[in-house]
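Visitor: This is model.txt (compact mmCIF, C-alpha atoms and all ligand atoms).
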# COMPACT_ATOMS: atom_id res chain seq x y z
CA MET O 1 -145.93 -49.10 1.52
CA LYS O 2 -145.25 -52.07 -0.72
CA VAL O 3 -146.96 -51.15 -3.97
CA LEU O 4 -147.68 -53.38 -6.96
CA LEU O 5 -147.27 -51.51 -10.25
CA THR O 6 -148.89 -53.38 -13.11
CA GLY O 7 -147.39 -52.10 -16.34
CA GLY O 8 -144.63 -50.63 -14.19
CA ALA O 9 -142.12 -50.76 -17.06
CA GLY O 10 -144.28 -48.51 -19.24
CA PHE O 11 -144.01 -44.76 -19.76
CA ILE O 12 -146.10 -43.60 -16.79
CA GLY O 13 -145.43 -46.69 -14.65
CA SER O 14 -141.64 -46.33 -14.82
CA HIS O 15 -141.69 -42.67 -13.82
CA THR O 16 -144.09 -43.47 -11.00
CA CYS O 17 -141.76 -46.24 -9.84
CA VAL O 18 -138.94 -43.70 -9.45
CA GLU O 19 -141.14 -41.23 -7.55
CA LEU O 20 -142.41 -43.97 -5.22
CA ILE O 21 -138.82 -44.94 -4.38
CA ASN O 22 -137.94 -41.25 -3.85
CA ALA O 23 -140.85 -41.04 -1.40
CA GLY O 24 -139.66 -44.10 0.56
CA HIS O 25 -142.09 -46.69 -0.82
CA GLU O 26 -141.30 -50.20 -2.06
CA PRO O 27 -142.56 -50.74 -5.61
CA VAL O 28 -142.83 -54.16 -7.24
CA ILE O 29 -143.38 -54.33 -11.00
CA ALA O 30 -145.60 -56.78 -12.88
CA ASP O 31 -145.20 -56.41 -16.63
CA ASN O 32 -145.39 -58.73 -19.64
CA PHE O 33 -143.30 -56.32 -21.79
CA ASP O 34 -146.02 -56.31 -24.43
CA ASN O 35 -145.34 -52.61 -25.04
CA SER O 36 -142.29 -51.98 -22.85
CA CYS O 37 -138.71 -53.17 -22.32
CA PRO O 38 -136.82 -54.97 -19.53
CA GLU O 39 -134.08 -52.33 -19.98
CA VAL O 40 -136.36 -49.95 -18.05
CA LEU O 41 -135.49 -51.79 -14.84
CA ASN O 42 -131.79 -51.06 -15.38
CA ARG O 43 -132.57 -47.40 -15.94
CA ILE O 44 -134.68 -47.21 -12.77
CA GLU O 45 -131.77 -48.77 -10.87
CA GLU O 46 -129.33 -46.22 -12.34
CA ILE O 47 -131.54 -43.34 -11.20
CA THR O 48 -132.55 -44.63 -7.77
CA GLY O 49 -129.86 -47.17 -6.83
CA ARG O 50 -132.63 -49.73 -6.30
CA ARG O 51 -133.29 -52.95 -8.21
CA VAL O 52 -137.06 -53.21 -8.32
CA PRO O 53 -138.48 -56.74 -8.02
CA LEU O 54 -140.07 -57.88 -11.29
CA TYR O 55 -142.81 -60.39 -12.10
CA GLU O 56 -142.85 -61.00 -15.84
CA ILE O 57 -146.49 -62.02 -16.00
CA ASP O 58 -149.73 -61.11 -17.71
CA VAL O 59 -152.05 -59.63 -15.09
CA CYS O 60 -155.03 -61.27 -16.80
CA ASP O 61 -153.57 -64.62 -15.72
CA GLY O 62 -155.20 -65.37 -12.37
CA GLU O 63 -152.76 -68.14 -11.45
CA SER O 64 -149.65 -65.99 -11.90
CA VAL O 65 -151.28 -63.05 -10.16
CA GLY O 66 -152.36 -65.29 -7.26
CA ALA O 67 -148.83 -66.69 -6.89
CA MET O 68 -147.41 -63.15 -6.80
CA PHE O 69 -149.91 -61.97 -4.14
CA GLU O 70 -149.13 -65.12 -2.15
CA LYS O 71 -145.43 -64.21 -2.11
CA GLU O 72 -145.64 -60.44 -1.62
CA SER O 73 -147.66 -58.62 1.01
CA PHE O 74 -148.87 -55.65 -0.96
CA ASP O 75 -150.36 -52.58 0.70
CA ALA O 76 -151.60 -51.05 -2.55
CA VAL O 77 -151.99 -51.69 -6.27
CA ILE O 78 -151.53 -49.12 -9.04
CA HIS O 79 -152.95 -50.55 -12.24
CA PHE O 80 -151.25 -49.05 -15.31
CA ALA O 81 -151.16 -52.16 -17.50
CA GLY O 82 -153.40 -52.01 -20.52
CA LEU O 83 -153.74 -51.64 -24.25
CA LYS O 84 -153.96 -47.97 -25.19
CA ALA O 85 -154.05 -47.33 -28.94
CA VAL O 86 -157.34 -45.72 -29.93
CA GLY O 87 -157.24 -46.74 -33.61
CA GLU O 88 -156.28 -50.32 -32.83
CA SER O 89 -159.10 -50.55 -30.30
CA CYS O 90 -161.62 -49.78 -33.07
CA ALA O 91 -160.13 -52.56 -35.24
CA LEU O 92 -159.73 -55.08 -32.39
CA PRO O 93 -162.41 -54.22 -29.82
CA LEU O 94 -162.67 -57.70 -28.31
CA ARG O 95 -158.94 -57.80 -27.67
CA TYR O 96 -159.23 -54.45 -25.83
CA TYR O 97 -162.26 -55.43 -23.78
CA ARG O 98 -160.81 -58.86 -22.91
CA ASN O 99 -157.43 -57.52 -21.88
CA ASN O 100 -158.29 -54.24 -20.19
CA ILE O 101 -161.31 -55.55 -18.25
CA ASP O 102 -159.95 -59.00 -17.36
CA SER O 103 -156.83 -57.50 -15.80
CA THR O 104 -158.85 -55.32 -13.43
CA LEU O 105 -161.18 -58.17 -12.44
CA THR O 106 -158.23 -60.50 -11.83
CA LEU O 107 -156.50 -57.93 -9.63
CA LEU O 108 -159.68 -57.19 -7.66
CA GLU O 109 -160.22 -60.91 -7.02
CA ALA O 110 -156.63 -61.35 -5.82
CA MET O 111 -156.91 -58.25 -3.62
CA ALA O 112 -160.09 -59.57 -1.99
CA LYS O 113 -158.48 -62.97 -1.40
CA TYR O 114 -155.24 -61.58 0.05
CA GLY O 115 -156.73 -58.64 1.94
CA VAL O 116 -155.20 -55.81 -0.12
CA SER O 117 -157.47 -52.78 0.02
CA ASN O 118 -155.96 -49.80 -1.83
CA PHE O 119 -156.36 -49.49 -5.60
CA VAL O 120 -155.25 -46.61 -7.85
CA PHE O 121 -156.43 -46.82 -11.44
CA SER O 122 -154.98 -45.19 -14.59
CA SER O 123 -158.04 -43.66 -16.14
CA SER O 124 -158.11 -41.01 -18.84
CA ALA O 125 -159.75 -37.74 -19.76
CA THR O 126 -161.04 -39.71 -22.73
CA VAL O 127 -163.97 -40.79 -20.48
CA TYR O 128 -165.46 -37.28 -20.86
CA GLY O 129 -166.12 -38.08 -24.55
CA VAL O 130 -167.07 -34.95 -26.47
CA PRO O 131 -167.17 -32.34 -23.69
CA GLU O 132 -170.09 -29.93 -23.50
CA LYS O 133 -167.78 -27.36 -21.95
CA VAL O 134 -164.24 -26.91 -20.64
CA PRO O 135 -162.53 -26.95 -18.21
CA LEU O 136 -163.61 -30.47 -17.32
CA VAL O 137 -164.80 -31.10 -13.77
CA GLU O 138 -164.92 -34.63 -12.33
CA GLY O 139 -168.72 -34.64 -11.97
CA MET O 140 -169.39 -33.83 -15.63
CA PRO O 141 -171.13 -36.39 -17.87
CA THR O 142 -169.06 -39.24 -19.30
CA GLY O 143 -169.30 -41.17 -22.56
CA CYS O 144 -166.75 -42.49 -25.00
CA THR O 145 -166.07 -42.46 -28.72
CA ASN O 146 -163.97 -45.65 -29.03
CA PRO O 147 -163.48 -49.07 -27.36
CA TYR O 148 -160.25 -48.00 -25.65
CA GLY O 149 -162.13 -45.17 -23.93
CA TRP O 150 -164.98 -47.52 -23.00
CA THR O 151 -162.55 -49.90 -21.31
CA LYS O 152 -161.42 -46.98 -19.12
CA LEU O 153 -164.98 -46.00 -18.27
CA MET O 154 -166.11 -49.60 -17.69
CA ASN O 155 -163.14 -50.14 -15.37
CA GLU O 156 -164.13 -47.01 -13.45
CA GLN O 157 -167.62 -48.49 -13.04
CA ILE O 158 -166.33 -51.93 -12.01
CA LEU O 159 -164.02 -50.40 -9.40
CA THR O 160 -166.74 -48.09 -8.07
CA ASP O 161 -169.17 -51.02 -7.71
CA ALA O 162 -166.49 -53.19 -6.06
CA ALA O 163 -165.72 -50.46 -3.52
CA ALA O 164 -169.43 -49.93 -2.81
CA ALA O 165 -169.82 -53.63 -2.03
CA ASP O 166 -166.64 -54.14 -0.02
CA GLU O 167 -166.22 -51.76 2.86
CA ARG O 168 -162.49 -52.50 3.12
CA LEU O 169 -161.77 -51.26 -0.40
CA SER O 170 -160.40 -47.81 -1.24
CA VAL O 171 -160.32 -46.82 -4.92
CA VAL O 172 -158.77 -43.73 -6.48
CA LEU O 173 -159.49 -43.10 -10.16
CA LEU O 174 -156.96 -40.78 -11.80
CA ARG O 175 -158.12 -39.24 -15.06
CA TYR O 176 -154.93 -38.34 -16.88
CA PHE O 177 -154.88 -35.57 -19.43
CA ASN O 178 -152.02 -35.63 -22.00
CA PRO O 179 -148.77 -36.89 -20.45
CA ILE O 180 -145.56 -35.84 -22.24
CA GLY O 181 -141.98 -35.03 -21.16
CA ALA O 182 -139.51 -37.49 -19.70
CA HIS O 183 -137.30 -37.99 -16.67
CA GLU O 184 -134.83 -35.11 -16.49
CA SER O 185 -131.90 -37.55 -16.50
CA GLY O 186 -132.78 -38.52 -20.07
CA ARG O 187 -132.75 -42.20 -18.98
CA LEU O 188 -136.54 -42.78 -18.93
CA GLY O 189 -139.07 -41.63 -21.50
CA GLU O 190 -141.80 -42.61 -23.92
CA ASP O 191 -140.85 -45.36 -26.39
CA PRO O 192 -143.79 -45.97 -28.74
CA ASN O 193 -143.83 -48.95 -31.11
CA GLY O 194 -143.73 -47.94 -34.78
CA ILE O 195 -145.00 -44.57 -35.96
CA PRO O 196 -146.29 -42.60 -32.98
CA ASN O 197 -149.99 -41.73 -32.76
CA ASN O 198 -149.53 -38.99 -30.18
CA LEU O 199 -148.31 -35.48 -30.82
CA MET O 200 -145.13 -35.12 -28.74
CA PRO O 201 -143.45 -38.39 -29.73
CA TYR O 202 -144.25 -37.53 -33.35
CA ILE O 203 -142.62 -34.10 -32.97
CA THR O 204 -139.49 -35.54 -31.31
CA GLN O 205 -139.10 -38.14 -34.08
CA VAL O 206 -139.37 -35.40 -36.72
CA ALA O 207 -136.73 -33.44 -34.78
CA ALA O 208 -134.52 -36.56 -34.74
CA GLY O 209 -134.89 -36.97 -38.51
CA LYS O 210 -136.74 -40.28 -38.17
CA LEU O 211 -139.94 -38.81 -39.65
CA GLU O 212 -140.09 -36.21 -42.38
CA LYS O 213 -142.72 -33.79 -41.19
CA LEU O 214 -145.53 -33.41 -38.70
CA GLY O 215 -149.12 -33.47 -39.93
CA VAL O 216 -151.24 -31.00 -37.94
CA PHE O 217 -154.70 -32.56 -37.82
CA GLY O 218 -157.07 -29.69 -38.58
CA ASP O 219 -156.74 -25.90 -38.37
CA ASP O 220 -160.45 -25.14 -38.47
CA TYR O 221 -161.44 -25.93 -34.88
CA PRO O 222 -163.11 -23.15 -32.86
CA THR O 223 -159.90 -22.50 -30.88
CA ARG O 224 -157.36 -19.62 -30.64
CA ASP O 225 -155.48 -20.65 -33.78
CA GLY O 226 -157.81 -23.31 -35.19
CA THR O 227 -155.75 -26.31 -33.98
CA GLY O 228 -156.79 -28.70 -31.20
CA VAL O 229 -156.23 -27.69 -27.57
CA ARG O 230 -155.11 -30.19 -24.91
CA ASP O 231 -153.90 -30.15 -21.32
CA TYR O 232 -150.31 -31.45 -21.56
CA ILE O 233 -148.81 -32.60 -18.28
CA HIS O 234 -145.21 -33.52 -17.49
CA VAL O 235 -144.95 -37.26 -16.79
CA VAL O 236 -142.93 -36.61 -13.60
CA ASP O 237 -145.73 -34.41 -12.24
CA LEU O 238 -148.19 -37.15 -13.19
CA ALA O 239 -145.99 -39.74 -11.44
CA LYS O 240 -146.01 -37.63 -8.25
CA ALA O 241 -149.83 -37.56 -8.32
CA HIS O 242 -149.73 -41.36 -7.86
CA VAL O 243 -147.63 -41.02 -4.71
CA LYS O 244 -150.26 -38.63 -3.31
CA ALA O 245 -153.02 -40.97 -4.46
CA ILE O 246 -151.75 -44.06 -2.61
CA ASP O 247 -151.25 -41.99 0.56
CA TYR O 248 -154.79 -40.68 0.21
CA ALA O 249 -156.26 -44.12 -0.56
CA ALA O 250 -154.69 -45.57 2.57
CA THR O 251 -156.53 -43.08 4.81
CA ARG O 252 -160.06 -43.72 3.59
CA LYS O 253 -162.58 -46.09 1.94
CA GLY O 254 -164.86 -45.82 -1.09
CA THR O 255 -164.14 -44.27 -4.49
CA GLU O 256 -162.79 -40.86 -5.43
CA ILE O 257 -162.08 -39.44 -8.90
CA PHE O 258 -159.41 -36.85 -9.71
CA ASN O 259 -158.48 -35.02 -12.89
CA ILE O 260 -154.71 -35.01 -13.24
CA GLY O 261 -153.83 -32.13 -15.54
CA THR O 262 -152.30 -28.68 -15.27
CA GLY O 263 -155.54 -26.80 -15.91
CA THR O 264 -153.99 -25.02 -18.92
CA GLY O 265 -154.71 -25.88 -22.54
CA TYR O 266 -152.22 -25.43 -25.40
CA SER O 267 -152.93 -25.75 -29.11
CA VAL O 268 -150.98 -28.01 -31.46
CA LEU O 269 -149.21 -25.00 -33.00
CA GLU O 270 -148.37 -23.61 -29.55
CA ILE O 271 -146.72 -26.94 -28.72
CA VAL O 272 -144.80 -27.00 -31.99
CA ASN O 273 -143.62 -23.40 -31.52
CA ALA O 274 -142.62 -23.96 -27.89
CA PHE O 275 -140.69 -27.09 -28.87
CA MET O 276 -138.80 -25.21 -31.61
CA ARG O 277 -138.01 -22.24 -29.34
CA VAL O 278 -136.89 -24.24 -26.30
CA ASN O 279 -134.73 -26.67 -28.26
CA ASP O 280 -133.62 -24.30 -31.02
CA LEU O 281 -134.81 -26.68 -33.73
CA THR O 282 -137.09 -26.46 -36.76
CA ILE O 283 -140.05 -28.81 -37.06
CA PRO O 284 -141.44 -28.94 -40.61
CA TYR O 285 -145.21 -29.38 -40.55
CA GLU O 286 -148.21 -29.25 -42.82
CA ILE O 287 -151.89 -28.83 -42.10
CA LYS O 288 -153.85 -32.03 -42.69
CA PRO O 289 -157.57 -32.82 -42.40
CA ARG O 290 -159.02 -33.37 -38.93
CA ARG O 291 -158.34 -36.80 -37.40
CA ALA O 292 -161.53 -38.83 -36.93
CA GLY O 293 -162.71 -38.84 -33.32
CA ASP O 294 -160.69 -35.76 -32.25
CA ILE O 295 -162.31 -32.98 -30.26
CA ALA O 296 -161.55 -29.25 -30.33
CA GLU O 297 -160.62 -28.65 -26.71
CA CYS O 298 -159.90 -30.74 -23.64
CA TYR O 299 -158.38 -29.39 -20.45
CA ALA O 300 -158.85 -29.99 -16.77
CA ASP O 301 -160.23 -28.15 -13.85
CA ALA O 302 -157.48 -29.50 -11.60
CA SER O 303 -158.68 -27.89 -8.37
CA LYS O 304 -160.03 -31.06 -6.75
CA ALA O 305 -156.62 -32.76 -6.87
CA ARG O 306 -155.04 -29.63 -5.44
CA GLU O 307 -157.53 -29.29 -2.60
CA ILE O 308 -157.94 -32.95 -1.62
CA LEU O 309 -154.74 -34.72 -2.72
CA GLY O 310 -152.52 -31.70 -2.11
CA TRP O 311 -151.07 -32.20 -5.59
CA GLN O 312 -150.52 -29.79 -8.43
CA ALA O 313 -148.33 -29.72 -11.51
CA GLU O 314 -145.01 -27.97 -10.95
CA LYS O 315 -143.41 -28.20 -14.38
CA ASP O 316 -144.28 -25.97 -17.32
CA LEU O 317 -144.44 -26.38 -21.07
CA ASP O 318 -140.78 -25.42 -21.53
CA ASP O 319 -139.77 -28.22 -19.13
CA MET O 320 -141.94 -30.68 -21.07
CA CYS O 321 -140.44 -29.68 -24.44
CA ARG O 322 -136.88 -29.72 -23.11
CA ASP O 323 -137.19 -33.09 -21.37
CA SER O 324 -139.01 -34.76 -24.29
CA TRP O 325 -136.17 -33.77 -26.63
CA ASN O 326 -133.46 -34.62 -24.10
CA TRP O 327 -134.86 -38.17 -23.94
CA GLN O 328 -135.30 -38.57 -27.70
CA SER O 329 -131.90 -37.12 -28.58
CA LYS O 330 -130.07 -39.35 -26.08
CA ASN O 331 -132.03 -42.51 -26.98
CA LYS O 332 -132.38 -42.54 -30.77
CA ASN O 333 -134.10 -45.93 -30.76
CA GLY O 334 -135.76 -45.71 -27.37
CA TYR O 335 -134.69 -48.58 -25.11
CA LYS O 336 -133.68 -50.83 -28.03
C1 LIG Z 1 -155.09 -39.53 -27.43
C2 LIG Z 1 -156.30 -40.41 -27.45
C3 LIG Z 1 -156.81 -40.52 -26.04
C4 LIG Z 1 -155.74 -41.10 -25.15
C5 LIG Z 1 -154.49 -40.26 -25.23
C6 LIG Z 1 -153.36 -40.97 -24.52
C7 LIG Z 1 -157.28 -40.12 -29.67
C8 LIG Z 1 -158.43 -39.59 -30.44
N1 LIG Z 1 -157.28 -39.88 -28.37
O1 LIG Z 1 -155.45 -38.24 -26.95
O2 LIG Z 1 -157.95 -41.34 -26.03
O3 LIG Z 1 -156.19 -41.16 -23.82
O4 LIG Z 1 -154.09 -40.09 -26.60
O5 LIG Z 1 -152.20 -40.19 -24.58
O6 LIG Z 1 -156.39 -40.75 -30.21
N2 LIG Z 1 -152.07 -34.21 -33.37
C9 LIG Z 1 -151.60 -33.73 -34.57
N3 LIG Z 1 -150.71 -34.50 -35.28
C10 LIG Z 1 -150.26 -35.71 -34.84
C11 LIG Z 1 -150.75 -36.20 -33.60
C12 LIG Z 1 -151.65 -35.43 -32.89
O7 LIG Z 1 -151.98 -32.65 -35.01
O8 LIG Z 1 -149.47 -36.36 -35.54
C13 LIG Z 1 -153.01 -33.38 -32.58
C14 LIG Z 1 -154.35 -34.04 -32.30
O9 LIG Z 1 -155.25 -33.77 -33.35
C15 LIG Z 1 -154.73 -33.38 -30.98
C16 LIG Z 1 -153.38 -33.16 -30.29
O10 LIG Z 1 -152.41 -33.17 -31.33
O11 LIG Z 1 -155.32 -32.12 -31.20
C17 LIG Z 1 -153.03 -34.22 -29.26
O12 LIG Z 1 -153.13 -35.50 -29.88
P1 LIG Z 1 -152.62 -36.82 -29.13
O13 LIG Z 1 -151.27 -36.62 -28.61
O14 LIG Z 1 -152.84 -37.97 -30.07
O15 LIG Z 1 -153.58 -36.94 -27.88
P2 LIG Z 1 -155.20 -36.96 -27.81
O16 LIG Z 1 -155.80 -37.16 -29.14
O17 LIG Z 1 -155.62 -35.79 -27.01
For the file at hand, write its structure as structure tokens.
Ligand code: UD1
Guide:
Amino acid sequence: MKVLLTGGAGFIGSHTCVELINAGHEPVIADNFDNSCPEVLNRIEEITGRRVPLYEIDVCDGESVGAMFEKESFDAVIHFAGLKAVGESCALPLRYYRNNIDSTLTLLEAMAKYGVSNFVFSSSATVYGVPEKVPLVEGMPTGCTNPYGWTKLMNEQILTDAAAADERLSVVLLRYFNPIGAHESGRLGEDPNGIPNNLMPYITQVAAGKLEKLGVFGDDYPTRDGTGVRDYIHVVDLAKAHVKAIDYAATRKGTEIFNIGTGTGYSVLEIVNAFMRVNDLTIPYEIKPRRAGDIAECYADASKAREILGWQAEKDLDDMCRDSWNWQSKNKNGYK
């Protein structure tokens, strides 16, 4: 299939691009490099031997998107592009709503006009809000604690309504848990701007000597060791879920939601300890107050994806810790 990847130069998009090529698909990337680098296309070519076509456009811009759909005959769209910093979304909510909602509407309009019917959306476990219980099952109540999360949930609603009204449309909503790790070649990985917000990039930058020590946000949660528990998933496993999702979308109509996690939760201290053991490094850390908006535990019931998509995570925490450090240690300044 010829597949449009919006945000295809980003962390999850770039790994998905490689897995799509490995599976015999033809990805095309649309990216404005707002939070990614053109160098990613060289790295994808090194790994796969394929130069992926690029449209350097903003997918909120209907004219550019229309011109791209006019030129390419897409079979499917995977929509990764979007703003994703929780704290920034609280400070700049209108920017988040404008960007993250407009892009989806623009793509849906172009798809209707050009007869493209398969849509896979990058959603997030953040749509479960403060969970009543774990593991999280797709049918559980949703609700968000910040504008970023609301843009994910609103996009889920928009896509569900669009698919209900247009019998040609097939929508797959993938609710990602916590993606970490990197391509095993060490040529693709996560390259956050500035000081990382997320745990694993923070740990790898401490390991690299770029940051002094990790702050562990809270040790008084009702968990095994008092620190927050999350379902960390290797980005290559997550990428492979997208290959399954476009195959699945192409065989059916309507909307389906899948949790994409491993089903296992690890605490912050378990991650830190695994990272130190696997890579034979020391990570200095100190306990800090809880971070506003954080929850105690969040991990998936991943059985629906296993049963219906035929997908499950294959890599374990040691793989994630090893590959995250392999990427960071070989790319001190990311792609720059
Ligand atoms: C965060 C976002 C979530 C988003 C996801 C994308 C928040 C509140 N949530 O998830 O909406 O979908 O990223 O990847 O920002 N931690 C530390 N020290 C750090 C960083 C994190 O102790 O320096 C802890 C956190 O308290 C949490 C765990 O590590 O318990 C994971 O944090 P993080 O990687 O930021 O992911 P989430 O908060 O789960």
Visitor: Residues at most 7 Å from ligand LIG 1 (chain Z), using all atoms listed in the file? Could they come as a list in words?
Guide: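 Protein and nucleic-acid residues within 7 Å of ligand LIG 1 (chain Z): Val86, Gly87, Ser124, Ala125, Thr126, Gly149, Asn178, Pro179, Asn197, Asn198, Leu199, Met200, Tyr202, Leu214, Gly215, Val216, Phe217, Gly218, Thr227, Gly228, Val229, Arg230, Val268, Arg290, Arg291, Gly293, Asp294 and Ala296 of chain O.
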Visitor: Do you have the CA of Glu39 (chain O)-CA of Leu5 (chain O) distance handy?
Guide: 16.4 Å
Visitor: Choose the residue, out of O:Ala300, O:Ala313, O:Ile260, O:Met1, that has the smallest atom-to-atom separation from Gly24 (chain O); count only C-alpha atoms.
Guide: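 Checking each candidate against Gly24 (chain O), we get O:Met1 as the closest.
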Visitor: Find the residue from O:Leu169, O:Val137, O:Ala112, O:Cys298 that sits nearest to Phe258 (chain O); use all atoms listed in the file when measuring.
Guide: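 That would be O:Val137, the residue with the smallest distance to Phe258 (chain O).
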Visitor: Hey, can you pull every residue with an atom no more than 12 Å from (-133.8, -38.7, -13.0), using only C-alpha atoms, and send it as a short mmCIF file (atom, residue, chain, number, x, y, z; two decimals) with C-alpha atoms, keeping the file's coordinate frame?
Guide:
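The result, written out as result-v1.cif:
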data_model
loop_
_atom_site.label_atom_id
_atom_site.label_comp_id
_atom_site.auth_asym_id
_atom_site.auth_seq_id
_atom_site.Cartn_x
_atom_site.Cartn_y
_atom_site.Cartn_z
CA SER O 14 -141.64 -46.33 -14.82
CA HIS O 15 -141.69 -42.67 -13.82
CA THR O 16 -144.09 -43.47 -11.00
CA CYS O 17 -141.76 -46.24 -9.84
CA VAL O 18 -138.94 -43.70 -9.45
CA GLU O 19 -141.14 -41.23 -7.55
CA ILE O 21 -138.82 -44.94 -4.38
CA ASN O 22 -137.94 -41.25 -3.85
CA ARG O 43 -132.57 -47.40 -15.94
CA ILE O 44 -134.68 -47.21 -12.77
CA GLU O 45 -131.77 -48.77 -10.87
CA GLU O 46 -129.33 -46.22 -12.34
CA ILE O 47 -131.54 -43.34 -11.20
CA THR O 48 -132.55 -44.63 -7.77
CA GLY O 49 -129.86 -47.17 -6.83
CA ALA O 182 -139.51 -37.49 -19.70
CA HIS O 183 -137.30 -37.99 -16.67
CA GLU O 184 -134.83 -35.11 -16.49
CA SER O 185 -131.90 -37.55 -16.50
CA GLY O 186 -132.78 -38.52 -20.07
CA ARG O 187 -132.75 -42.20 -18.98
CA LEU O 188 -136.54 -42.78 -18.93
CA GLY O 189 -139.07 -41.63 -21.50
CA VAL O 235 -144.95 -37.26 -16.79
CA VAL O 236 -142.93 -36.61 -13.60
CA ASP O 323 -137.19 -33.09 -21.37
CA ASN O 326 -133.46 -34.62 -24.10
CA TRP O 327 -134.86 -38.17 -23.94
#
Visitor: Which protein, DNA or RNA residues are at most 12 Å from (-150.5, -64.1, -3.7) in the file's coordinates when you count only C-alpha atoms, listed as a PDB file with C-alpha atoms, in the frame of the given file?
Guide:
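Written output follows (out-v4.pdb):
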ATOM      1  CA  LEU O   4    -147.680 -53.380  -6.960  1.00  0.00           C
ATOM      2  CA  TYR O  55    -142.810 -60.390 -12.100  1.00  0.00           C
ATOM      3  CA  GLY O  62    -155.200 -65.370 -12.370  1.00  0.00           C
ATOM      4  CA  GLU O  63    -152.760 -68.140 -11.450  1.00  0.00           C
ATOM      5  CA  SER O  64    -149.650 -65.990 -11.900  1.00  0.00           C
ATOM      6  CA  VAL O  65    -151.280 -63.050 -10.160  1.00  0.00           C
ATOM      7  CA  GLY O  66    -152.360 -65.290  -7.260  1.00  0.00           C
ATOM      8  CA  ALA O  67    -148.830 -66.690  -6.890  1.00  0.00           C
ATOM      9  CA  MET O  68    -147.410 -63.150  -6.800  1.00  0.00           C
ATOM     10  CA  PHE O  69    -149.910 -61.970  -4.140  1.00  0.00           C
ATOM     11  CA  GLU O  70    -149.130 -65.120  -2.150  1.00  0.00           C
ATOM     12  CA  LYS O  71    -145.430 -64.210  -2.110  1.00  0.00           C
ATOM     13  CA  GLU O  72    -145.640 -60.440  -1.620  1.00  0.00           C
ATOM     14  CA  SER O  73    -147.660 -58.620   1.010  1.00  0.00           C
ATOM     15  CA  PHE O  74    -148.870 -55.650  -0.960  1.00  0.00           C
ATOM     16  CA  THR O 106    -158.230 -60.500 -11.830  1.00  0.00           C
ATOM     17  CA  LEU O 107    -156.500 -57.930  -9.630  1.00  0.00           C
ATOM     18  CA  GLU O 109    -160.220 -60.910  -7.020  1.00  0.00           C
ATOM     19  CA  ALA O 110    -156.630 -61.350  -5.820  1.00  0.00           C
ATOM     20  CA  MET O 111    -156.910 -58.250  -3.620  1.00  0.00           C
ATOM     21  CA  ALA O 112    -160.090 -59.570  -1.990  1.00  0.00           C
ATOM     22  CA  LYS O 113    -158.480 -62.970  -1.400  1.00  0.00           C
ATOM     23  CA  TYR O 114    -155.240 -61.580   0.050  1.00  0.00           C
ATOM     24  CA  GLY O 115    -156.730 -58.640   1.940  1.00  0.00           C
ATOM     25  CA  VAL O 116    -155.200 -55.810  -0.120  1.00  0.00           C
TER      26      VAL O 116
END
Visitor: Leaving out Asp237 (chain O) and any residue of its chain fewer than 2 positions from it, which residues lie within 8 Å of it when counting only C-alpha atoms, given as an mmCIF file with C-alpha atoms, in the frame of the given file?
Guide:
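Output saved as part_21.cif:
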data_model
loop_
_atom_site.group_PDB
_atom_site.id
_atom_site.type_symbol
_atom_site.label_atom_id
_atom_site.label_comp_id
_atom_site.auth_asym_id
_atom_site.auth_seq_id
_atom_site.Cartn_x
_atom_site.Cartn_y
_atom_site.Cartn_z
ATOM 1 C CA ILE O 233 -148.810 -32.600 -18.280
ATOM 2 C CA HIS O 234 -145.210 -33.520 -17.490
ATOM 3 C CA VAL O 235 -144.950 -37.260 -16.790
ATOM 4 C CA ALA O 239 -145.990 -39.740 -11.440
ATOM 5 C CA LYS O 240 -146.010 -37.630 -8.250
ATOM 6 C CA ALA O 241 -149.830 -37.560 -8.320
ATOM 7 C CA GLN O 312 -150.520 -29.790 -8.430
ATOM 8 C CA ALA O 313 -148.330 -29.720 -11.510
ATOM 9 C CA GLU O 314 -145.010 -27.970 -10.950
ATOM 10 C CA LYS O 315 -143.410 -28.200 -14.380
#
Visitor: Point out the residue among O:Lys288, O:Arg224, O:Lys253, O:Lys336 with the least atom-to-atom distance to Ala165 (chain O), counting only C-alpha atoms.
Guide: O:Lys253
Visitor: Let me make sure I understand: among O:Val243, O:Ala274, O:Leu108, O:Val127, which one has the smallest atom-to-atom distance to Glu26 (chain O) if we use all atoms listed in the file?
Guide: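 Among the listed residues, the smallest separation from Glu26 (chain O) belongs to O:Val243.
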Visitor: Find, counting only C-alpha atoms, the residue in O:Leu211, O:Ile287, O:Cys321, O:Val3 that gets nearest to Ala250 (chain O).
Guide: O:Val3
Visitor: Give, as AutoDock Vina command-line options, the centre coordinates and the x, y and z edge lengths in Å to one decimal for an axis-aligned box around all listed atoms of region 197-202 of chain O, padded by 4 Å on each side.
Guide:
--center_x -146.7 --center_y -38.4 --center_z -31.0 --size_x 14.5 --size_y 14.6 --size_z 12.6
Visitor: What does the structure give for the distance between CA of Pro53 (chain O) and CA of His25 (chain O), in Å to one decimal?
Guide: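 Atom-to-atom, CA of Pro53 (chain O) and CA of His25 (chain O) are spaced 12.9 Å apart.
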Visitor: From the set O:Ala9, O:Val77, O:Val171, O:Cys60, which residue has the shortest atom-to-atom contact distance to Leu41 (chain O), counting all atoms listed in the file?
Guide: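 The answer is O:Ala9, which sits nearest to Leu41 (chain O).
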Visitor: Rounded to one decimal, what separation in Å do you get between CA of Leu173 (chain O) and CA of Asn155 (chain O)?
Guide: 9.5 Å
Visitor: Can you tell me which residues surround Ile78 (chain O) at a distance of at most 6 Å, considering all atoms listed in the file, apart from same-chain residues fewer than 6 positions away, and format the answer as JSON, numbers by chain?
Guide: {"O": [5, 119, 120, 121]}
